[in-house]
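Listing of structure_30.cif; format and content: mmCIF, N, CA and C atoms.
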data_data
loop_
_atom_site.group_PDB
_atom_site.id
_atom_site.type_symbol
_atom_site.label_atom_id
_atom_site.label_comp_id
_atom_site.auth_asym_id
_atom_site.auth_seq_id
_atom_site.Cartn_x
_atom_site.Cartn_y
_atom_site.Cartn_z
ATOM 1 N N MET A 1 85.908 -16.208 155.449
ATOM 2 C CA MET A 1 85.852 -15.130 154.484
ATOM 3 C C MET A 1 86.322 -15.663 153.137
ATOM 4 N N ARG A 2 85.664 -15.226 152.069
ATOM 5 C CA ARG A 2 86.014 -15.616 150.705
ATOM 6 C C ARG A 2 86.408 -14.363 149.936
ATOM 7 N N ILE A 3 87.435 -14.486 149.105
ATOM 8 C CA ILE A 3 87.920 -13.360 148.300
ATOM 9 C C ILE A 3 87.751 -13.715 146.830
ATOM 10 N N ASN A 4 87.204 -12.764 146.077
ATOM 11 C CA ASN A 4 87.023 -12.976 144.650
ATOM 12 C C ASN A 4 88.306 -12.574 143.918
ATOM 13 N N CYS A 5 89.090 -13.554 143.501
ATOM 14 C CA CYS A 5 90.306 -13.301 142.733
ATOM 15 C C CYS A 5 89.894 -12.949 141.307
ATOM 16 N N PRO A 6 90.397 -11.843 140.753
ATOM 17 C CA PRO A 6 90.044 -11.468 139.388
ATOM 18 C C PRO A 6 90.480 -12.513 138.351
ATOM 19 N N CYS A 7 91.455 -13.340 138.679
ATOM 20 C CA CYS A 7 91.950 -14.351 137.743
ATOM 21 C C CYS A 7 91.335 -15.729 137.976
ATOM 22 N N CYS A 8 91.098 -16.106 139.237
ATOM 23 C CA CYS A 8 90.677 -17.473 139.578
ATOM 24 C C CYS A 8 89.235 -17.586 140.042
ATOM 25 N N GLY A 9 88.592 -16.478 140.330
ATOM 26 C CA GLY A 9 87.241 -16.524 140.883
ATOM 27 C C GLY A 9 87.278 -16.554 142.406
ATOM 28 N N GLU A 10 86.156 -16.862 143.008
ATOM 29 C CA GLU A 10 86.037 -16.844 144.467
ATOM 30 C C GLU A 10 86.864 -17.962 145.087
ATOM 31 N N ARG A 11 87.677 -17.585 146.088
ATOM 32 C CA ARG A 11 88.572 -18.526 146.755
ATOM 33 C C ARG A 11 88.542 -18.302 148.266
ATOM 34 N N SER A 12 88.997 -19.299 148.999
ATOM 35 C CA SER A 12 89.071 -19.225 150.458
ATOM 36 C C SER A 12 90.171 -18.252 150.894
ATOM 37 N N LEU A 13 89.947 -17.618 152.011
ATOM 38 C CA LEU A 13 90.927 -16.709 152.588
ATOM 39 C C LEU A 13 92.274 -17.398 152.809
ATOM 40 N N ASP A 14 92.263 -18.711 153.061
ATOM 41 C CA ASP A 14 93.490 -19.463 153.325
ATOM 42 C C ASP A 14 94.491 -19.402 152.179
ATOM 43 N N GLU A 15 94.040 -19.093 150.967
ATOM 44 C CA GLU A 15 94.925 -19.029 149.805
ATOM 45 C C GLU A 15 95.644 -17.691 149.683
ATOM 46 N N PHE A 16 95.262 -16.711 150.499
ATOM 47 C CA PHE A 16 95.776 -15.344 150.372
ATOM 48 C C PHE A 16 96.622 -14.938 151.576
ATOM 49 N N VAL A 17 97.501 -13.968 151.338
ATOM 50 C CA VAL A 17 98.297 -13.362 152.403
ATOM 51 C C VAL A 17 97.983 -11.865 152.406
ATOM 52 N N TYR A 18 97.661 -11.337 153.576
ATOM 53 C CA TYR A 18 97.348 -9.912 153.725
ATOM 54 C C TYR A 18 98.641 -9.115 153.810
ATOM 55 N N TYR A 19 98.737 -8.050 153.022
ATOM 56 C CA TYR A 19 99.940 -7.225 153.031
ATOM 57 C C TYR A 19 99.722 -5.798 153.481
ATOM 58 N N GLY A 20 98.506 -5.407 153.839
ATOM 59 C CA GLY A 20 98.292 -4.093 154.418
ATOM 60 C C GLY A 20 97.561 -3.106 153.521
ATOM 61 N N ASP A 21 97.751 -1.843 153.848
ATOM 62 C CA ASP A 21 97.082 -0.724 153.205
ATOM 63 C C ASP A 21 97.498 -0.610 151.743
ATOM 64 N N ALA A 22 96.534 -0.610 150.836
ATOM 65 C CA ALA A 22 96.828 -0.527 149.405
ATOM 66 C C ALA A 22 97.183 0.890 148.959
ATOM 67 N N ASP A 23 96.900 1.875 149.805
ATOM 68 C CA ASP A 23 97.154 3.261 149.421
ATOM 69 C C ASP A 23 98.437 3.829 150.017
ATOM 70 N N LEU A 24 99.152 3.039 150.786
ATOM 71 C CA LEU A 24 100.384 3.490 151.406
ATOM 72 C C LEU A 24 101.459 3.684 150.339
ATOM 73 N N ARG A 25 102.125 4.830 150.348
ATOM 74 C CA ARG A 25 103.165 5.131 149.362
ATOM 75 C C ARG A 25 104.493 5.406 150.048
ATOM 76 N N ARG A 26 105.545 4.818 149.524
ATOM 77 C CA ARG A 26 106.893 4.997 150.057
ATOM 78 C C ARG A 26 107.335 6.447 149.861
ATOM 79 N N PRO A 27 107.923 7.067 150.896
ATOM 80 C CA PRO A 27 108.368 8.459 150.783
ATOM 81 C C PRO A 27 109.542 8.607 149.810
ATOM 82 N N ASP A 28 109.695 9.802 149.299
ATOM 83 C CA ASP A 28 110.804 10.133 148.416
ATOM 84 C C ASP A 28 112.090 10.248 149.233
ATOM 85 N N PRO A 29 113.114 9.439 148.952
ATOM 86 C CA PRO A 29 114.353 9.502 149.731
ATOM 87 C C PRO A 29 115.111 10.816 149.542
ATOM 88 N N GLN A 30 114.769 11.589 148.518
ATOM 89 C CA GLN A 30 115.428 12.873 148.268
ATOM 90 C C GLN A 30 114.784 14.027 149.031
ATOM 91 N N ASP A 31 113.680 13.774 149.674
ATOM 92 C CA ASP A 31 112.971 14.803 150.429
ATOM 93 C C ASP A 31 113.820 15.268 151.604
ATOM 94 N N GLU A 32 113.703 16.551 151.954
ATOM 95 C CA GLU A 32 114.459 17.110 153.083
ATOM 96 C C GLU A 32 114.146 16.395 154.394
ATOM 97 N N GLU A 33 112.905 15.991 154.566
ATOM 98 C CA GLU A 33 112.483 15.327 155.796
ATOM 99 C C GLU A 33 112.337 13.822 155.583
ATOM 100 N N ALA A 34 113.174 13.246 154.743
ATOM 101 C CA ALA A 34 113.061 11.826 154.384
ATOM 102 C C ALA A 34 113.165 10.920 155.611
ATOM 103 N N GLY A 35 114.072 11.216 156.535
ATOM 104 C CA GLY A 35 114.253 10.379 157.723
ATOM 105 C C GLY A 35 112.975 10.255 158.536
ATOM 106 N N ALA A 36 112.372 11.389 158.839
ATOM 107 C CA ALA A 36 111.135 11.393 159.633
ATOM 108 C C ALA A 36 109.993 10.730 158.863
ATOM 109 N N LYS A 37 109.941 10.969 157.556
ATOM 110 C CA LYS A 37 108.869 10.374 156.745
ATOM 111 C C LYS A 37 109.018 8.861 156.645
ATOM 112 N N PHE A 38 110.254 8.361 156.570
ATOM 113 C CA PHE A 38 110.458 6.914 156.523
ATOM 114 C C PHE A 38 110.108 6.262 157.861
ATOM 115 N N ILE A 39 110.410 6.933 158.962
ATOM 116 C CA ILE A 39 110.024 6.398 160.273
ATOM 117 C C ILE A 39 108.507 6.278 160.352
ATOM 118 N N ALA A 40 107.793 7.314 159.914
ATOM 119 C CA ALA A 40 106.327 7.270 159.914
ATOM 120 C C ALA A 40 105.820 6.181 158.971
ATOM 121 N N TYR A 41 106.460 6.046 157.808
ATOM 122 C CA TYR A 41 106.057 5.037 156.811
ATOM 123 C C TYR A 41 106.195 3.619 157.358
ATOM 124 N N VAL A 42 107.256 3.363 158.102
ATOM 125 C CA VAL A 42 107.523 2.017 158.606
ATOM 126 C C VAL A 42 106.731 1.699 159.875
ATOM 127 N N TYR A 43 106.640 2.672 160.794
ATOM 128 C CA TYR A 43 106.104 2.359 162.119
ATOM 129 C C TYR A 43 104.701 2.867 162.429
ATOM 130 N N GLU A 44 104.237 3.887 161.751
ATOM 131 C CA GLU A 44 102.942 4.466 162.089
ATOM 132 C C GLU A 44 101.869 3.961 161.135
ATOM 133 N N ARG A 45 100.889 3.275 161.682
ATOM 134 C CA ARG A 45 99.788 2.739 160.882
ATOM 135 C C ARG A 45 98.464 3.098 161.542
ATOM 136 N N THR A 46 97.463 3.269 160.691
ATOM 137 C CA THR A 46 96.119 3.485 161.223
ATOM 138 C C THR A 46 95.457 2.125 161.400
ATOM 139 N N ASN A 47 94.448 2.089 162.208
ATOM 140 C CA ASN A 47 93.665 0.876 162.399
ATOM 141 C C ASN A 47 92.233 1.223 162.034
ATOM 142 N N PRO A 48 91.924 1.238 160.724
ATOM 143 C CA PRO A 48 90.631 1.754 160.291
ATOM 144 C C PRO A 48 89.456 0.874 160.706
ATOM 145 N N SER A 49 88.360 1.546 160.986
ATOM 146 C CA SER A 49 87.102 0.860 161.257
ATOM 147 C C SER A 49 86.149 1.265 160.146
ATOM 148 N N GLY A 50 85.825 0.320 159.284
ATOM 149 C CA GLY A 50 84.954 0.625 158.161
ATOM 150 C C GLY A 50 85.661 0.379 156.841
ATOM 151 N N PHE A 51 85.379 1.236 155.861
ATOM 152 C CA PHE A 51 85.918 1.075 154.516
ATOM 153 C C PHE A 51 87.442 1.141 154.519
ATOM 154 N N HIS A 52 88.068 0.180 153.800
ATOM 155 C CA HIS A 52 89.536 0.134 153.724
ATOM 156 C C HIS A 52 89.952 -0.525 152.419
ATOM 157 N N ARG A 53 90.980 0.021 151.767
ATOM 158 C CA ARG A 53 91.557 -0.594 150.562
ATOM 159 C C ARG A 53 92.783 -1.381 150.991
ATOM 160 N N GLU A 54 92.780 -2.675 150.703
ATOM 161 C CA GLU A 54 93.829 -3.573 151.196
ATOM 162 C C GLU A 54 94.555 -4.266 150.045
ATOM 163 N N LEU A 55 95.816 -4.574 150.287
ATOM 164 C CA LEU A 55 96.627 -5.312 149.331
ATOM 165 C C LEU A 55 96.740 -6.758 149.801
ATOM 166 N N TRP A 56 96.391 -7.699 148.914
ATOM 167 C CA TRP A 56 96.441 -9.130 149.203
ATOM 168 C C TRP A 56 97.271 -9.827 148.136
ATOM 169 N N TYR A 57 97.917 -10.921 148.505
ATOM 170 C CA TYR A 57 98.703 -11.727 147.572
ATOM 171 C C TYR A 57 98.095 -13.124 147.494
ATOM 172 N N HIS A 58 97.768 -13.583 146.290
ATOM 173 C CA HIS A 58 97.161 -14.906 146.112
ATOM 174 C C HIS A 58 98.285 -15.942 145.995
ATOM 175 N N GLY A 59 98.946 -16.223 147.099
ATOM 176 C CA GLY A 59 100.120 -17.086 147.146
ATOM 177 C C GLY A 59 99.857 -18.545 146.832
ATOM 178 N N LEU A 60 98.697 -19.060 147.196
ATOM 179 C CA LEU A 60 98.392 -20.464 146.939
ATOM 180 C C LEU A 60 97.479 -20.622 145.731
ATOM 181 N N GLY A 61 97.550 -19.664 144.847
ATOM 182 C CA GLY A 61 96.735 -19.696 143.635
ATOM 183 C C GLY A 61 97.557 -19.180 142.471
ATOM 184 N N CYS A 62 97.082 -18.123 141.852
ATOM 185 C CA CYS A 62 97.691 -17.598 140.633
ATOM 186 C C CYS A 62 98.856 -16.640 140.901
ATOM 187 N N ARG A 63 99.141 -16.377 142.180
ATOM 188 C CA ARG A 63 100.241 -15.491 142.591
ATOM 189 C C ARG A 63 100.051 -14.049 142.123
ATOM 190 N N THR A 64 98.830 -13.623 142.076
ATOM 191 C CA THR A 64 98.494 -12.263 141.675
ATOM 192 C C THR A 64 98.352 -11.367 142.898
ATOM 193 N N TRP A 65 98.845 -10.128 142.785
ATOM 194 C CA TRP A 65 98.603 -9.104 143.803
ATOM 195 C C TRP A 65 97.226 -8.526 143.546
ATOM 196 N N ILE A 66 96.424 -8.407 144.599
ATOM 197 C CA ILE A 66 95.030 -7.983 144.488
ATOM 198 C C ILE A 66 94.773 -6.810 145.424
ATOM 199 N N VAL A 67 93.990 -5.847 144.947
ATOM 200 C CA VAL A 67 93.487 -4.772 145.802
ATOM 201 C C VAL A 67 92.035 -5.105 146.104
ATOM 202 N N ALA A 68 91.711 -5.146 147.393
ATOM 203 C CA ALA A 68 90.336 -5.423 147.824
ATOM 204 C C ALA A 68 89.803 -4.222 148.585
ATOM 205 N N GLU A 69 88.590 -3.828 148.277
ATOM 206 C CA GLU A 69 87.899 -2.793 149.036
ATOM 207 C C GLU A 69 86.957 -3.512 149.985
ATOM 208 N N ARG A 70 87.208 -3.332 151.303
ATOM 209 C CA ARG A 70 86.535 -4.146 152.309
ATOM 210 C C ARG A 70 86.099 -3.302 153.491
ATOM 211 N N ASP A 71 85.019 -3.723 154.129
ATOM 212 C CA ASP A 71 84.575 -3.120 155.380
ATOM 213 C C ASP A 71 85.201 -3.934 156.505
ATOM 214 N N THR A 72 86.056 -3.311 157.294
ATOM 215 C CA THR A 72 86.767 -4.042 158.349
ATOM 216 C C THR A 72 85.855 -4.438 159.510
ATOM 217 N N ARG A 73 84.678 -3.827 159.602
ATOM 218 C CA ARG A 73 83.748 -4.181 160.678
ATOM 219 C C ARG A 73 82.961 -5.441 160.358
ATOM 220 N N THR A 74 82.564 -5.594 159.095
ATOM 221 C CA THR A 74 81.711 -6.715 158.709
ATOM 222 C C THR A 74 82.440 -7.753 157.856
ATOM 223 N N HIS A 75 83.627 -7.405 157.371
ATOM 224 C CA HIS A 75 84.433 -8.232 156.457
ATOM 225 C C HIS A 75 83.814 -8.355 155.073
ATOM 226 N N GLU A 76 82.799 -7.547 154.782
ATOM 227 C CA GLU A 76 82.210 -7.551 153.446
ATOM 228 C C GLU A 76 83.211 -6.974 152.458
ATOM 229 N N ILE A 77 83.427 -7.682 151.353
ATOM 230 C CA ILE A 77 84.312 -7.198 150.299
ATOM 231 C C ILE A 77 83.443 -6.605 149.206
ATOM 232 N N TYR A 78 83.652 -5.311 148.921
ATOM 233 C CA TYR A 78 82.853 -4.608 147.923
ATOM 234 C C TYR A 78 83.342 -4.878 146.505
ATOM 235 N N ALA A 79 84.674 -4.911 146.320
ATOM 236 C CA ALA A 79 85.239 -5.079 144.980
ATOM 237 C C ALA A 79 86.689 -5.525 145.087
ATOM 238 N N THR A 80 87.165 -6.197 144.040
ATOM 239 C CA THR A 80 88.577 -6.585 143.956
ATOM 240 C C THR A 80 89.074 -6.338 142.533
ATOM 241 N N CYS A 81 90.384 -6.153 142.401
ATOM 242 C CA CYS A 81 91.006 -6.045 141.084
ATOM 243 C C CYS A 81 92.479 -6.404 141.222
ATOM 244 N N ARG A 82 93.113 -6.665 140.092
ATOM 245 C CA ARG A 82 94.557 -6.904 140.115
ATOM 246 C C ARG A 82 95.248 -5.582 140.425
ATOM 247 N N ALA A 83 96.231 -5.589 141.289
ATOM 248 C CA ALA A 83 96.938 -4.367 141.663
ATOM 249 C C ALA A 83 97.636 -3.750 140.465
ATOM 250 N N VAL A 84 98.099 -4.577 139.529
ATOM 251 C CA VAL A 84 98.790 -4.079 138.342
ATOM 252 C C VAL A 84 97.863 -3.249 137.455
ATOM 253 N N ASP A 85 96.558 -3.418 137.604
ATOM 254 C CA ASP A 85 95.588 -2.668 136.814
ATOM 255 C C ASP A 85 95.318 -1.285 137.399
ATOM 256 N N GLY A 86 96.091 -0.877 138.351
ATOM 257 C CA GLY A 86 95.956 0.458 138.916
ATOM 258 C C GLY A 86 95.267 0.511 140.256
ATOM 259 N N GLY A 87 94.796 -0.603 140.741
ATOM 260 C CA GLY A 87 94.207 -0.641 142.074
ATOM 261 C C GLY A 87 92.862 0.036 142.192
ATOM 262 N N ALA A 88 92.151 0.219 141.082
ATOM 263 C CA ALA A 88 90.815 0.813 141.136
ATOM 264 C C ALA A 88 89.807 -0.223 140.657
ATOM 265 N N PRO A 89 89.256 -1.007 141.582
ATOM 266 C CA PRO A 89 88.309 -2.057 141.195
ATOM 267 C C PRO A 89 87.115 -1.510 140.438
ATOM 268 N N GLU A 90 86.638 -2.310 139.482
ATOM 269 C CA GLU A 90 85.422 -1.948 138.775
ATOM 270 C C GLU A 90 84.301 -1.916 139.800
ATOM 271 N N GLY A 91 83.494 -0.885 139.737
ATOM 272 C CA GLY A 91 82.449 -0.728 140.742
ATOM 273 C C GLY A 91 83.055 -0.245 142.047
ATOM 274 N N ALA A 92 84.197 0.441 141.941
ATOM 275 C CA ALA A 92 84.933 0.885 143.120
ATOM 276 C C ALA A 92 84.066 1.734 144.029
ATOM 277 N N ALA A 93 84.301 1.580 145.299
ATOM 278 C CA ALA A 93 83.530 2.311 146.298
ATOM 279 C C ALA A 93 84.306 3.528 146.773
ATOM 280 N N ALA A 94 85.043 4.165 145.865
ATOM 281 C CA ALA A 94 85.880 5.308 146.241
ATOM 282 C C ALA A 94 85.062 6.445 146.847
ATOM 283 N N ASP A 95 83.826 6.591 146.400
ATOM 284 C CA ASP A 95 83.000 7.653 146.933
ATOM 285 C C ASP A 95 82.199 7.202 148.150
ATOM 286 N N ARG A 96 82.409 5.946 148.564
ATOM 287 C CA ARG A 96 81.708 5.395 149.727
ATOM 288 C C ARG A 96 82.190 6.130 150.987
ATOM 289 N N GLU A 97 81.319 6.322 151.918
ATOM 290 C CA GLU A 97 81.696 6.977 153.168
ATOM 291 C C GLU A 97 82.747 6.151 153.887
ATOM 292 N N ARG A 98 83.843 6.786 154.255
ATOM 293 C CA ARG A 98 84.957 6.097 154.900
ATOM 294 C C ARG A 98 84.979 6.422 156.386
ATOM 295 N N SER A 99 83.980 5.940 157.064
ATOM 296 C CA SER A 99 83.873 6.226 158.511
ATOM 297 C C SER A 99 84.388 5.078 159.335
#
Could you express the structure from this file as structure tokens?
Amino acid sequence: MRINCPCCGERSLDEFVYYGDADLRRPDPQDEEAGAKFIAYVYERTNPSGFHRELWYHGLGCRTWIVAERDTRTHEIYATCRAVDGGAPEGAAADRERS
């Protein structure tokens, strides 16, 4: 698999580290149900089949955090962008069917 780094161009998967779901948000510690929400945040994960937004780190390259929109069934990457840019890749497939 090859990943298109927004800074370096297309690179081998070996240069990147997968960090998980790009849309996962840490719960508010001030919330009344913070304990239960943190348990779910740490331990409960989905295993999506199809469209998924993922967070990758280009550790053996420019050290940029990248958001990739990828099909987990085919490994096709639709778009990538720097995470600091808001995580919405140009040509984003946000309206793509997420089945």
- Task: With the file shown as input, list the residues that the PyMOL selection byres ((chain A and resi 71) around 8) selects, as a ChimeraX atom specification.
- Result: /A:48-53,68-70,72-79
- Enumerate, as a PyMOL selection string, the residues matched when the PyMOL selection byres (((chain A and resi 57 and name CA) around 9) and name CA) is run on the file above. chain A and resi 15-19+55-56+58-60+63-67
- Enumerate, as a ChimeraX atom specification, the complete set of residues in chain A that a backbone-based DSSP assignment places in strand (DSSP E or B). /A:2-5,9-12,17-21,51-57,65-71,77-82
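When atom C of A:Arg82 is paired with atom C of A:Gly20, their separation reads 13.5 Å.
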- Residue with the minimum atom-to-atom distance to A:Cys81, picked from A:Pro29, A:Phe38, A:Glu44, A:Pro6 with all atoms listed in the file counted, is A:Pro6
- Message: Just to confirm, what's the straight-line distance from atom CA of A:Gly35 to atom N of A:Ala83 in Å (one decimal)?
- Response: 29.2 Å
